[in-house]
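Heads up, run-v8.cif below (mmCIF, C-alpha atoms and all ligand atoms):
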```cif
data_work
#
loop_
_atom_site.label_atom_id
_atom_site.label_comp_id
_atom_site.auth_asym_id
_atom_site.auth_seq_id
_atom_site.Cartn_x
_atom_site.Cartn_y
_atom_site.Cartn_z
CA MET A 1 29.94 -0.09 -12.33
CA VAL A 2 27.68 2.28 -10.37
CA THR A 3 29.74 4.68 -8.25
CA GLU A 4 27.19 7.40 -7.57
CA ALA A 5 24.39 7.57 -5.05
CA ILE A 6 21.00 6.26 -6.19
CA GLU A 7 17.74 7.51 -4.73
CA HIS A 8 14.19 6.31 -5.28
CA ARG A 9 10.85 7.38 -3.98
CA ALA A 10 7.54 5.52 -3.64
CA TYR A 11 4.25 7.13 -2.77
CA ALA A 12 1.53 6.14 -0.34
CA ARG A 13 -1.46 4.47 -1.97
CA VAL A 14 -5.22 4.56 -1.78
CA GLY A 15 -7.28 1.41 -2.22
CA LEU A 16 -10.21 3.08 -3.98
CA LEU A 17 -12.34 0.00 -4.55
CA GLY A 18 -12.17 -3.72 -3.93
CA ASN A 19 -9.72 -3.82 -1.03
CA PRO A 20 -9.04 -6.04 0.89
CA SER A 21 -10.08 -8.64 -1.72
CA ASP A 22 -6.55 -8.45 -3.17
CA VAL A 23 -5.51 -10.68 -0.27
CA TYR A 24 -8.10 -13.24 -1.51
CA TYR A 25 -7.74 -13.56 -5.30
CA GLY A 26 -10.03 -10.55 -5.79
CA LYS A 27 -9.83 -7.29 -7.72
CA THR A 28 -9.06 -3.69 -6.81
CA VAL A 29 -8.77 -0.21 -8.24
CA SER A 30 -5.99 1.65 -6.44
CA PHE A 31 -3.96 4.78 -6.96
CA SER A 32 -0.64 6.21 -5.97
CA LEU A 33 -1.12 9.05 -3.47
CA GLY A 34 1.16 12.03 -4.13
CA ASN A 35 0.55 13.60 -0.71
CA PHE A 36 3.10 11.34 1.01
CA HIS A 37 6.15 9.33 0.05
CA ALA A 38 9.04 7.27 1.33
CA SER A 39 12.52 7.48 -0.15
CA VAL A 40 15.53 5.23 0.01
CA ARG A 41 19.09 6.22 -0.81
CA LEU A 42 21.86 3.84 -1.79
CA ASP A 43 25.47 4.97 -1.53
CA PRO A 44 28.20 2.63 -2.77
CA SER A 45 30.41 1.82 0.24
CA GLU A 46 33.14 -0.44 1.59
CA ASP A 47 30.83 -2.49 3.81
CA LEU A 48 27.17 -3.32 3.36
CA VAL A 49 25.38 -1.06 5.85
CA ILE A 50 21.68 -0.70 6.67
CA LYS A 51 21.34 2.66 8.37
CA PRO A 52 18.74 3.09 11.14
CA HIS A 53 16.56 6.17 10.70
CA PRO A 54 17.27 8.80 13.39
CA THR A 55 13.62 8.97 14.50
CA HIS A 56 11.81 5.94 13.05
CA ASP A 57 14.37 3.47 14.48
CA LEU A 58 14.92 5.23 17.76
CA VAL A 59 17.09 3.33 20.25
CA VAL A 60 18.17 6.19 22.53
CA PHE A 61 15.48 7.54 24.84
CA ARG A 62 15.20 10.40 27.31
CA SER A 63 13.71 8.15 29.97
CA ILE A 64 11.87 4.88 30.50
CA ASP A 65 8.58 6.82 30.16
CA HIS A 66 9.68 8.00 26.75
CA LEU A 67 10.63 4.45 25.70
CA VAL A 68 7.32 2.91 26.83
CA ASN A 69 5.27 5.71 25.33
CA ARG A 70 7.07 5.32 22.05
CA LEU A 71 6.54 1.54 21.94
CA GLU A 72 2.88 1.86 22.87
CA ASN A 73 2.19 4.43 20.19
CA GLU A 74 4.42 3.30 17.36
CA GLY A 75 5.28 -0.31 18.06
CA TYR A 76 8.65 -1.97 18.22
CA TYR A 77 9.68 -1.71 14.60
CA GLY A 78 10.92 0.86 12.18
CA GLY A 79 12.17 0.46 8.64
CA VAL A 80 15.50 -1.32 9.18
CA ARG A 81 13.94 -4.78 9.09
CA LEU A 82 12.11 -3.87 5.87
CA LEU A 83 15.36 -2.87 4.14
CA MET A 84 17.08 -6.04 5.30
CA ALA A 85 14.20 -8.24 4.17
CA ILE A 86 14.10 -6.82 0.62
CA CYS A 87 17.86 -7.36 0.27
CA LYS A 88 17.35 -11.01 1.19
CA VAL A 89 14.37 -11.53 -1.13
CA PHE A 90 16.14 -9.76 -3.99
CA TYR A 91 19.26 -11.89 -3.53
CA HIS A 92 17.29 -15.15 -3.57
CA TYR A 93 15.19 -14.08 -6.54
CA CYS A 94 18.33 -13.33 -8.54
CA ALA A 95 20.01 -16.59 -7.50
CA ASP A 96 16.90 -18.64 -8.40
CA ASN A 97 16.63 -16.93 -11.77
CA LYS A 98 20.33 -17.14 -12.63
CA ILE A 99 20.74 -13.38 -12.52
CA GLN A 100 24.39 -12.74 -11.76
CA LEU A 101 25.05 -10.02 -9.20
CA LYS A 102 28.26 -8.06 -9.45
CA THR A 103 30.40 -7.57 -6.36
CA GLY A 104 30.48 -4.30 -4.45
CA ASN A 105 28.75 -2.99 -1.35
CA PHE A 106 26.42 -0.19 -0.45
CA THR A 107 24.82 1.72 2.39
CA LEU A 108 21.03 1.94 2.45
CA SER A 109 19.24 4.73 4.30
CA TYR A 110 15.60 5.79 4.20
CA ASP A 111 13.17 8.52 5.07
CA THR A 112 9.40 8.74 4.98
CA ASN A 113 6.60 11.20 5.62
CA ILE A 114 3.82 8.63 5.20
CA PRO A 115 1.80 8.67 8.41
CA ARG A 116 2.82 5.51 10.13
CA GLN A 117 0.52 2.50 10.13
CA THR A 118 -2.50 4.35 8.85
CA GLY A 119 -3.43 1.99 6.03
CA LEU A 120 -1.54 4.17 3.55
CA SER A 121 1.10 1.53 2.89
CA GLY A 122 4.01 3.14 4.59
CA SER A 123 5.73 -0.21 4.95
CA SER A 124 5.67 -1.19 1.29
CA ALA A 125 6.67 2.30 0.15
CA ILE A 126 9.98 1.84 1.98
CA VAL A 127 10.43 -1.65 0.52
CA CYS A 128 9.49 -0.54 -3.01
CA SER A 129 11.97 2.35 -2.95
CA ALA A 130 14.72 0.02 -1.72
CA LEU A 131 13.99 -2.51 -4.45
CA ASN A 132 14.33 0.21 -7.08
CA CYS A 133 17.73 1.16 -5.63
CA LEU A 134 18.89 -2.47 -5.81
CA LEU A 135 17.67 -2.84 -9.40
CA ASP A 136 19.80 0.14 -10.42
CA PHE A 137 22.83 -0.62 -8.28
CA TYR A 138 23.11 -4.12 -9.73
CA GLU A 139 21.97 -2.91 -13.17
CA VAL A 140 19.33 -5.63 -13.47
CA ARG A 141 16.20 -3.51 -14.00
CA HIS A 142 15.74 -4.93 -17.52
CA LEU A 143 15.97 -8.51 -16.17
CA ILE A 144 13.22 -8.34 -13.53
CA LYS A 145 9.72 -7.93 -14.91
CA VAL A 146 7.63 -5.07 -13.57
CA GLU A 147 4.73 -7.47 -12.84
CA ILE A 148 6.92 -9.59 -10.57
CA ARG A 149 8.22 -6.70 -8.48
CA PRO A 150 5.07 -6.25 -6.31
CA ASP A 151 5.37 -9.89 -5.34
CA MET A 152 9.02 -9.44 -4.35
CA ILE A 153 7.99 -6.51 -2.16
CA LEU A 154 5.19 -8.56 -0.61
CA ARG A 155 7.54 -11.46 0.01
CA ALA A 156 9.90 -9.18 1.92
CA GLU A 157 7.05 -8.24 4.24
CA LYS A 158 5.77 -11.82 4.56
CA GLU A 159 9.29 -12.71 5.61
CA LEU A 160 8.62 -10.47 8.62
CA GLY A 161 5.22 -11.94 9.36
CA ILE A 162 3.31 -8.91 8.07
CA VAL A 163 -0.03 -10.07 6.60
CA ALA A 164 -0.59 -8.01 3.49
CA GLY A 165 -1.76 -8.14 -0.09
CA LEU A 166 -0.49 -7.08 -3.49
CA GLN A 167 -2.57 -3.99 -4.28
CA ASP A 168 -0.35 -1.59 -2.33
CA ARG A 169 2.76 -2.86 -4.01
CA VAL A 170 1.26 -2.79 -7.51
CA ALA A 171 0.14 0.83 -7.08
CA GLN A 172 3.61 1.72 -5.82
CA VAL A 173 5.53 -0.11 -8.54
CA TYR A 174 3.35 1.28 -11.37
CA GLY A 175 2.29 4.66 -9.98
CA GLY A 176 -0.87 6.36 -11.22
CA LEU A 177 -4.25 4.63 -11.21
CA VAL A 178 -4.34 0.87 -11.74
CA TYR A 179 -7.08 -1.74 -12.13
CA MET A 180 -5.87 -5.05 -10.75
CA ASP A 181 -7.27 -8.54 -11.11
CA PHE A 182 -5.74 -11.15 -8.81
CA SER A 183 -7.88 -14.08 -10.00
CA LYS A 184 -6.46 -17.44 -9.01
CA LYS A 185 -6.05 -18.39 -12.63
CA TYR A 186 -3.78 -15.42 -13.35
CA MET A 187 -1.86 -15.87 -10.13
CA ASP A 188 -1.30 -19.58 -10.82
CA ASP A 189 -0.50 -19.24 -14.52
CA TRP A 190 1.64 -16.12 -14.43
CA GLY A 191 2.74 -15.80 -10.82
CA HIS A 192 1.13 -12.34 -10.73
CA GLY A 193 -2.17 -10.61 -11.38
CA MET A 194 -3.43 -8.71 -14.42
CA TYR A 195 -2.51 -5.05 -13.95
CA ALA A 196 -4.10 -2.45 -16.21
CA PRO A 197 -3.01 1.19 -15.77
CA MET A 198 -5.88 3.69 -16.21
CA ASP A 199 -5.93 7.40 -17.06
CA ILE A 200 -5.64 9.38 -13.79
CA GLY A 201 -7.82 12.08 -15.36
CA LEU A 202 -10.80 9.76 -14.83
CA LEU A 203 -10.70 10.30 -11.07
CA PRO A 204 -13.02 12.89 -9.49
CA PRO A 205 -11.64 15.10 -6.67
CA LEU A 206 -11.19 12.89 -3.61
CA TYR A 207 -10.43 13.76 0.00
CA LEU A 208 -8.11 11.96 2.35
CA ILE A 209 -8.97 11.90 6.04
CA TYR A 210 -6.77 10.35 8.68
CA ALA A 211 -6.12 10.27 12.37
CA GLU A 212 -3.01 9.84 14.43
CA ASN A 213 -3.97 6.28 15.22
CA PRO A 214 -1.39 3.64 14.45
CA SER A 215 -2.80 0.15 13.94
CA ASP A 216 -0.95 -2.93 12.78
CA SER A 217 -2.53 -4.09 9.54
CA GLY A 218 -1.26 -7.63 10.22
CA LYS A 219 -3.40 -7.81 13.35
CA VAL A 220 -6.44 -6.46 11.52
CA HIS A 221 -6.22 -9.12 8.84
CA SER A 222 -5.42 -12.23 10.82
CA THR A 223 -8.92 -13.40 11.91
CA VAL A 224 -10.65 -12.87 8.59
CA ARG A 225 -7.79 -14.59 6.81
CA ARG A 226 -8.07 -17.58 9.13
CA ARG A 227 -11.81 -17.82 8.46
CA TRP A 228 -11.27 -17.53 4.70
CA LEU A 229 -8.64 -20.30 4.82
CA ASP A 230 -11.06 -22.43 6.84
CA GLY A 231 -13.65 -22.11 4.05
CA ASP A 232 -16.08 -19.83 5.91
CA SER A 233 -18.80 -19.31 3.28
CA PHE A 234 -19.85 -15.87 4.57
CA ILE A 235 -16.30 -14.52 4.29
CA ILE A 236 -15.73 -16.16 0.90
CA SER A 237 -18.92 -14.81 -0.67
CA SER A 238 -18.54 -11.35 0.90
CA MET A 239 -14.98 -11.15 -0.40
CA GLU A 240 -16.26 -11.98 -3.90
CA GLU A 241 -18.81 -9.17 -3.57
CA VAL A 242 -16.00 -6.79 -2.59
CA ALA A 243 -13.95 -7.86 -5.63
CA ASP A 244 -16.93 -7.24 -7.93
CA LEU A 245 -17.11 -3.65 -6.69
CA ALA A 246 -13.72 -3.03 -8.32
CA LEU A 247 -14.92 -4.46 -11.63
CA GLU A 248 -18.03 -2.26 -11.54
CA GLY A 249 -15.94 0.66 -10.34
CA ARG A 250 -13.60 0.41 -13.28
CA LYS A 251 -16.60 0.72 -15.59
CA ALA A 252 -18.04 3.60 -13.56
CA LEU A 253 -14.72 5.45 -13.78
CA LEU A 254 -14.44 4.91 -17.53
CA GLU A 255 -17.97 6.33 -17.90
CA ARG A 256 -17.24 9.09 -15.35
CA ASN A 257 -20.31 7.90 -13.51
CA TYR A 258 -19.39 9.28 -10.10
CA THR A 259 -22.80 8.69 -8.56
CA LYS A 260 -22.20 5.01 -9.15
CA LEU A 261 -18.63 5.29 -7.85
CA ALA A 262 -19.91 6.85 -4.61
CA LYS A 263 -22.38 4.02 -4.15
CA LEU A 264 -19.69 1.40 -4.69
CA MET A 265 -17.33 3.08 -2.21
CA ASN A 266 -19.99 3.01 0.48
CA GLN A 267 -20.82 -0.62 -0.24
CA ASN A 268 -17.13 -1.47 0.04
CA PHE A 269 -16.94 -0.11 3.58
CA ASP A 270 -20.22 -1.71 4.61
CA LEU A 271 -19.02 -5.13 3.44
CA ARG A 272 -15.72 -4.71 5.28
CA ARG A 273 -17.59 -3.78 8.42
CA ARG A 274 -19.80 -6.88 8.17
CA MET A 275 -16.83 -9.18 7.71
CA PHE A 276 -14.36 -7.74 10.20
CA GLY A 277 -16.73 -6.45 12.88
CA ASP A 278 -16.53 -3.14 14.73
CA ASP A 279 -14.05 -4.31 17.36
CA VAL A 280 -11.44 -5.17 14.78
CA LEU A 281 -12.02 -2.05 12.69
CA GLY A 282 -11.74 0.22 15.72
CA SER A 283 -14.08 2.95 16.88
CA LEU A 284 -11.93 5.83 15.64
CA ASN A 285 -11.74 4.36 12.15
CA ILE A 286 -15.50 3.86 12.05
CA LYS A 287 -15.98 7.39 13.32
CA MET A 288 -13.99 8.79 10.39
CA VAL A 289 -16.33 7.09 7.93
CA GLU A 290 -19.39 8.20 9.88
CA VAL A 291 -18.24 11.81 10.04
CA ALA A 292 -17.82 11.86 6.26
CA ARG A 293 -21.19 10.23 5.74
CA SER A 294 -22.85 12.70 8.12
CA VAL A 295 -22.37 15.39 5.44
CA GLY A 296 -23.48 13.02 2.68
CA ALA A 297 -19.99 12.14 1.37
CA ALA A 298 -19.21 8.60 0.22
CA CYS A 299 -16.42 7.06 2.26
CA LYS A 300 -14.29 3.96 2.76
CA PHE A 301 -10.92 2.86 4.16
CA THR A 302 -7.82 3.45 2.02
CA GLY A 303 -6.27 0.31 3.48
CA SER A 304 -6.78 -1.65 6.66
CA GLY A 305 -7.59 1.38 8.81
CA GLY A 306 -6.22 4.70 10.00
CA ALA A 307 -7.12 6.66 6.88
CA VAL A 308 -10.27 6.97 4.74
CA ILE A 309 -11.02 8.38 1.31
CA ALA A 310 -14.12 10.47 0.66
CA LEU A 311 -16.03 11.62 -2.42
CA CYS A 312 -18.26 14.72 -2.27
CA LEU A 313 -20.77 14.46 -5.11
CA ASP A 314 -22.37 17.78 -4.21
CA GLY A 315 -19.19 19.78 -4.85
CA PRO A 316 -17.42 22.60 -2.95
CA SER A 317 -20.18 23.35 -0.42
CA GLN A 318 -20.17 19.72 0.68
CA VAL A 319 -16.36 19.71 0.82
CA LYS A 320 -16.53 22.68 3.18
CA LEU A 321 -19.02 20.85 5.40
CA LEU A 322 -16.73 17.83 5.36
CA GLU A 323 -13.69 19.90 6.32
CA ASP A 324 -15.56 21.51 9.19
CA ALA A 325 -16.86 18.17 10.46
CA CYS A 326 -13.35 16.65 10.32
CA HIS A 327 -11.73 19.57 12.10
CA LYS A 328 -14.36 19.39 14.83
CA GLU A 329 -13.41 15.75 15.47
CA GLY A 330 -9.67 16.42 15.28
CA PHE A 331 -9.21 14.51 12.00
CA ILE A 332 -6.76 15.69 9.38
CA ILE A 333 -8.27 16.25 5.93
CA GLN A 334 -6.60 17.09 2.63
CA GLN A 335 -7.38 16.75 -1.03
CA ALA A 336 -5.88 13.55 -2.43
CA LEU A 337 -3.19 14.18 -5.05
CA VAL A 338 -2.69 11.40 -7.57
CA ALA A 339 0.96 10.63 -8.33
CA PRO A 340 1.36 9.71 -12.01
CA THR A 341 2.99 6.56 -13.32
CA VAL A 342 6.64 6.08 -12.44
CA LEU A 343 7.53 3.45 -15.03
CA SER A 344 10.58 4.27 -17.13
CA ASP A 345 11.32 3.01 -20.64
CA GLY A 346 13.69 0.50 -19.02
CA ASP A 347 10.76 -0.84 -16.97
CA ARG A 348 8.33 -0.93 -19.87
CA VAL A 349 10.52 -3.26 -21.93
CA THR A 350 10.00 -5.93 -19.26
CA LEU A 351 6.17 -5.74 -19.37
CA SER A 352 4.55 -8.86 -20.80
CA SER A 353 2.05 -8.22 -23.57
CA GLN A 354 -0.99 -9.87 -21.97
N1 LIG B 1 6.52 5.43 8.90
C1 LIG B 1 7.22 4.31 9.13
N2 LIG B 1 8.51 4.37 9.47
C2 LIG B 1 9.20 3.26 9.67
N3 LIG B 1 8.71 2.02 9.59
C3 LIG B 1 7.43 1.91 9.29
C4 LIG B 1 6.61 3.03 9.02
N4 LIG B 1 5.39 2.60 8.75
C5 LIG B 1 5.43 1.26 8.81
N5 LIG B 1 6.65 0.84 9.15
C6 LIG B 1 7.08 -0.54 9.28
O1 LIG B 1 6.13 -1.35 8.59
C7 LIG B 1 5.54 -2.32 9.49
C8 LIG B 1 4.09 -2.66 9.09
O2 LIG B 1 3.34 -1.50 8.91
P1 LIG B 1 1.80 -1.59 8.49
O3 LIG B 1 1.00 -1.93 9.66
O4 LIG B 1 1.67 -2.42 7.26
O5 LIG B 1 1.57 -0.08 8.16
P2 LIG B 1 1.16 0.61 6.82
O6 LIG B 1 -0.32 0.55 6.79
O7 LIG B 1 1.67 2.01 6.93
O8 LIG B 1 1.83 -0.15 5.72
C9 LIG B 1 5.75 -1.69 10.85
O9 LIG B 1 5.73 -2.66 11.85
C10 LIG B 1 7.13 -1.05 10.68
O10 LIG B 1 8.18 -2.03 10.73
O1 LIG B 2 -7.19 -4.02 4.32
C1 LIG B 2 -6.81 -3.43 3.31
O2 LIG B 2 -7.59 -2.77 2.63
C2 LIG B 2 -5.34 -3.52 2.91
O3 LIG B 2 -4.53 -3.76 4.08
C3 LIG B 2 -3.14 -3.81 3.91
O4 LIG B 2 -2.63 -2.52 3.61
P1 LIG B 2 -2.18 -1.48 4.79
O5 LIG B 2 -1.75 -0.21 4.10
O6 LIG B 2 -0.99 -2.08 5.48
O7 LIG B 2 -3.33 -1.26 5.67
C4 LIG B 2 -2.82 -4.83 2.82
O8 LIG B 2 -1.44 -4.83 2.53
C5 LIG B 2 -3.63 -4.63 1.55
O9 LIG B 2 -3.35 -5.66 0.61
C6 LIG B 2 -5.12 -4.62 1.87
O10 LIG B 2 -5.90 -4.43 0.73
MG MG B 3 1.55 -2.11 5.30
#
```
Could you spell out this file's structure in structure tokens?
Amino acid sequence: MVTEAIEHRAYARVGLLGNPSDVYYGKTVSFSLGNFHASVRLDPSEDLVIKPHPTHDLVVFRSIDHLVNRLENEGYYGGVRLLMAICKVFYHYCADNKIQLKTGNFTLSYDTNIPRQTGLSGSSAIVCSALNCLLDFYEVRHLIKVEIRPDMILRAEKELGIVAGLQDRVAQVYGGLVYMDFSKKYMDDWGHGMYAPMDIGLLPPLYLIYAENPSDSGKVHSTVRRRWLDGDSFIISSMEEVADLALEGRKALLERNYTKLAKLMNQNFDLRRRMFGDDVLGSLNIKMVEVARSVGAACKFTGSGGAVIALCLDGPSQVKLLEDACHKEGFIIQQALVAPTVLSDGDRVTLSSQ
């Protein structure tokens, strides 16, 4: 019986190559970004309580101006609905798989410093941390395979109507750098993709650039998804091209061929731009890529928009130019820190030997 508080953390993530093809049976290379994280705390308690965050779930305002401003900049939702949704998905998963849950209640609370809705996967970091708390509270970690967990996290968000893919959740469940293949065959046969952790030492120095520009990734994805579902051949073939970039990128990383990596990153953004169009991507997001490219850096979105990742092949002098260019435009820039794998021995025993 767990009587002590449990706390788990999940990091932001960077889609380095291949995103958003993960939403379309594609492939990606993604890594866990140590610069930012969300954390969830579970305290055993009399009642089951989901605690609103004092700032992210604000319901008390100074004035109507404050309320409207807040909604316009940050939207209607905070993390409470995410915590509720993962509890529901977890409960159903356990019931469907005959995993007995002991009785006892808990209070869930969360915190996050992941810039909100910037394509850094702030939403799934909260859900992933909560899932880890539930696994430990109910002592079922050994019964729920690591490979299945990203799908549980995704299902919690789908429950809320958030259009998203698996790459964020895989990077957050595994930590470190992961090559992912979501081919239909794997998804149909196993119910999950093929996830291959890679050595984080293969990554060159990378730079994260972002703006205070919240955008709802669900909105960004909806039109392209509709066209893909309708069999639009341009979207289907472009998405395949995007997926292939991850396959080539994995090879480039293994060979430490960063010139090739830079080329692939640029192609990734160019393909996204062709498919989604400038209106959907947003002028500020495009500007971030253009600013990085103006100093010769390779650049692409980390997720659906709000943040970009850049590679400076020419070294420190180019990084300096990049920093200056970003500061001039009011963009925030920092070196990307890679958070290593978070899998414990208890997690590893559940991994299938594929
Ligand atoms: N920093 C945050 N704090 C609280 N809730 C958040 C935060 N970021 C995202 N969310 C929740 O996740 C939902 C979807 O966010 P999304 O557009 O996917 O952003 P992200 O790219 O950060 O994952 C939001 O509507 C909100 O409910
Ligand atoms: O468009 C993308 O690259 C990603 O968008 C979503 O991530 P987000 O951090 O919310 O922008 C989505 O969940 C991912 O699967 C996509 O690859
Ligand atoms: Mg998200």
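Distance check against ligand LIG 2 (chain B) using all atoms listed in the file: of A:Tyr138, A:Tyr110, A:Tyr174, A:Tyr25, the minimum falls on A:Tyr25.
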For this session: Between A:Ile99, A:Met265, A:Leu206, A:Ile6, single out the one closest to Ser129 (chain A), counting all atoms listed in the file.
Result: A:Ile6
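Distances from A:Ile333, A:Arg81, A:Leu134, A:Ala246 to Val178 (chain A) were compared using only C-alpha atoms, and the smallest one belongs to A:Ala246.
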Exercise. Pick the closest to ligand MG 3 (chain B) from A:Cys94, A:Leu343, A:Ala164, A:Leu108: which is it, counting all atoms listed in the file?
Worked result: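 Using all atoms listed in the file, ligand MG 3 (chain B) sits closest to A:Ala164.
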Problem set entry | Nearby residues (all atoms listed in the file) at most 10 Å from Leu271 (chain A), same-chain spacing under 4 positions excluded, as a list in words | Ile235, Ser238, Met239, Glu241, Val242, Asn266, Gln267, Met275, Phe276 and Gly277 of chain A
For this session: Kindly work out which residues sit at most 7 Å from ligand MG 3 (chain B), using all atoms listed in the file, and give the list as an MDAnalysis selection string.
Result: chainID A and resid 117 119 121:124 164 217
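Restricting the calculation to all atoms listed in the file, the smallest distance between Ile286 (chain A) and any of A:Ile209, A:Val349, A:Ala38, A:Val29 is found for A:Ile209.
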For this session: Go through the chains and note each residue within 6 Å of ligand LIG 2 (chain B), using all atoms listed in the file, then give the set as an MDAnalysis selection string.
Result: chainID A and resid 19:20 22:23 119:121 164:168 217 303:305
Exercise. Between A:Leu261, A:Met180, A:Leu101, A:Ile153, which is the closest to ligand LIG 1 (chain B) once you count only C-alpha atoms and all ligand atoms?
Worked result: A:Ile153
Contacts with ligand LIG 1 (chain B) at most 10 Å, all atoms listed in the file counted, listed as a short mmCIF file (atom, residue, chain, number, x, y, z; two decimals) with C-alpha atoms, in the coordinates of the input:
```cif
data_model
loop_
_atom_site.label_atom_id
_atom_site.label_comp_id
_atom_site.auth_asym_id
_atom_site.auth_seq_id
_atom_site.Cartn_x
_atom_site.Cartn_y
_atom_site.Cartn_z
CA ALA A 12 1.53 6.14 -0.34
CA ARG A 13 -1.46 4.47 -1.97
CA HIS A 37 6.15 9.33 0.05
CA ALA A 38 9.04 7.27 1.33
CA PRO A 52 18.74 3.09 11.14
CA HIS A 53 16.56 6.17 10.70
CA THR A 55 13.62 8.97 14.50
CA HIS A 56 11.81 5.94 13.05
CA ASP A 57 14.37 3.47 14.48
CA GLU A 74 4.42 3.30 17.36
CA GLY A 75 5.28 -0.31 18.06
CA TYR A 76 8.65 -1.97 18.22
CA TYR A 77 9.68 -1.71 14.60
CA GLY A 78 10.92 0.86 12.18
CA GLY A 79 12.17 0.46 8.64
CA VAL A 80 15.50 -1.32 9.18
CA ARG A 81 13.94 -4.78 9.09
CA LEU A 82 12.11 -3.87 5.87
CA LEU A 83 15.36 -2.87 4.14
CA TYR A 110 15.60 5.79 4.20
CA ASP A 111 13.17 8.52 5.07
CA THR A 112 9.40 8.74 4.98
CA ASN A 113 6.60 11.20 5.62
CA ILE A 114 3.82 8.63 5.20
CA PRO A 115 1.80 8.67 8.41
CA ARG A 116 2.82 5.51 10.13
CA GLN A 117 0.52 2.50 10.13
CA THR A 118 -2.50 4.35 8.85
CA GLY A 119 -3.43 1.99 6.03
CA LEU A 120 -1.54 4.17 3.55
CA SER A 121 1.10 1.53 2.89
CA GLY A 122 4.01 3.14 4.59
CA SER A 123 5.73 -0.21 4.95
CA SER A 124 5.67 -1.19 1.29
CA ALA A 125 6.67 2.30 0.15
CA ILE A 126 9.98 1.84 1.98
CA VAL A 127 10.43 -1.65 0.52
CA GLU A 157 7.05 -8.24 4.24
CA LEU A 160 8.62 -10.47 8.62
CA GLY A 161 5.22 -11.94 9.36
CA ILE A 162 3.31 -8.91 8.07
CA VAL A 163 -0.03 -10.07 6.60
CA ALA A 164 -0.59 -8.01 3.49
CA GLY A 165 -1.76 -8.14 -0.09
CA ASP A 168 -0.35 -1.59 -2.33
CA PRO A 214 -1.39 3.64 14.45
CA SER A 215 -2.80 0.15 13.94
CA ASP A 216 -0.95 -2.93 12.78
CA SER A 217 -2.53 -4.09 9.54
CA GLY A 218 -1.26 -7.63 10.22
CA LYS A 219 -3.40 -7.81 13.35
CA VAL A 220 -6.44 -6.46 11.52
CA THR A 302 -7.82 3.45 2.02
CA GLY A 303 -6.27 0.31 3.48
CA SER A 304 -6.78 -1.65 6.66
CA GLY A 305 -7.59 1.38 8.81
CA GLY A 306 -6.22 4.70 10.00
CA ALA A 307 -7.12 6.66 6.88
#
```
Problem set entry | Cut-off 6 Å around (-1.3, 11.1, -10.1) with only C-alpha atoms: residues as a VMD selection string | chain A and resid 176 200 338 to 340
For this session: With a distance cut-off of 9 Å and all atoms listed in the file, select the neighbouring residues of Thr107 (chain A), excluding the residue or stretch itself and same-chain residues fewer than 3 positions from it, and output the selection as a list in words.
Result: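 Result of the neighbour search: Arg41, Leu42, Asp43, Pro44, Ser45, Glu46, Asp47, Leu48, Val49, Ile50 and Lys51 of chain A.
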For this session: Considering all atoms listed in the file, return as a ChimeraX atom specification whatever protein or nucleic-acid residues lie within 8 Å of His8 (chain A), sequence-local ones (same chain, fewer than 5 positions apart) excluded.
Result: /A:39-41,129-130,132-133
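For Leu311 (chain A), the non-local neighbours within 10 Å, defined as residues at least 6 positions apart in the same chain or in other chains and counting only C-alpha atoms, are Pro204, Pro205, Leu206, Tyr207, Leu208, Tyr258, Thr259, Leu261, Ala262, Met265, Asn266, Ala292, Arg293, Gly296, Ala297, Ala298, Cys299, Lys300, Gln318, Val319 and Leu322 of chain A.
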Output C-alpha atoms of each residue in that selection to a file, as a CSV table (one decimal), keeping the file's coordinate frame.
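Output contents, as saved in out.csv:
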```
chain,number,residue,atom,x,y,z
A,204,PRO,CA,-13.0,12.9,-9.5
A,205,PRO,CA,-11.6,15.1,-6.7
A,206,LEU,CA,-11.2,12.9,-3.6
A,207,TYR,CA,-10.4,13.8,0.0
A,208,LEU,CA,-8.1,12.0,2.4
A,258,TYR,CA,-19.4,9.3,-10.1
A,259,THR,CA,-22.8,8.7,-8.6
A,261,LEU,CA,-18.6,5.3,-7.8
A,262,ALA,CA,-19.9,6.8,-4.6
A,265,MET,CA,-17.3,3.1,-2.2
A,266,ASN,CA,-20.0,3.0,0.5
A,292,ALA,CA,-17.8,11.9,6.3
A,293,ARG,CA,-21.2,10.2,5.7
A,296,GLY,CA,-23.5,13.0,2.7
A,297,ALA,CA,-20.0,12.1,1.4
A,298,ALA,CA,-19.2,8.6,0.2
A,299,CYS,CA,-16.4,7.1,2.3
A,300,LYS,CA,-14.3,4.0,2.8
A,318,GLN,CA,-20.2,19.7,0.7
A,319,VAL,CA,-16.4,19.7,0.8
A,322,LEU,CA,-16.7,17.8,5.4
```
For this session: Report the distance between CA of Lys27 (chain A) and CA of Leu245 (chain A) in Å, rounded to one decimal place.
Result: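 A separation of 8.2 Å between them.
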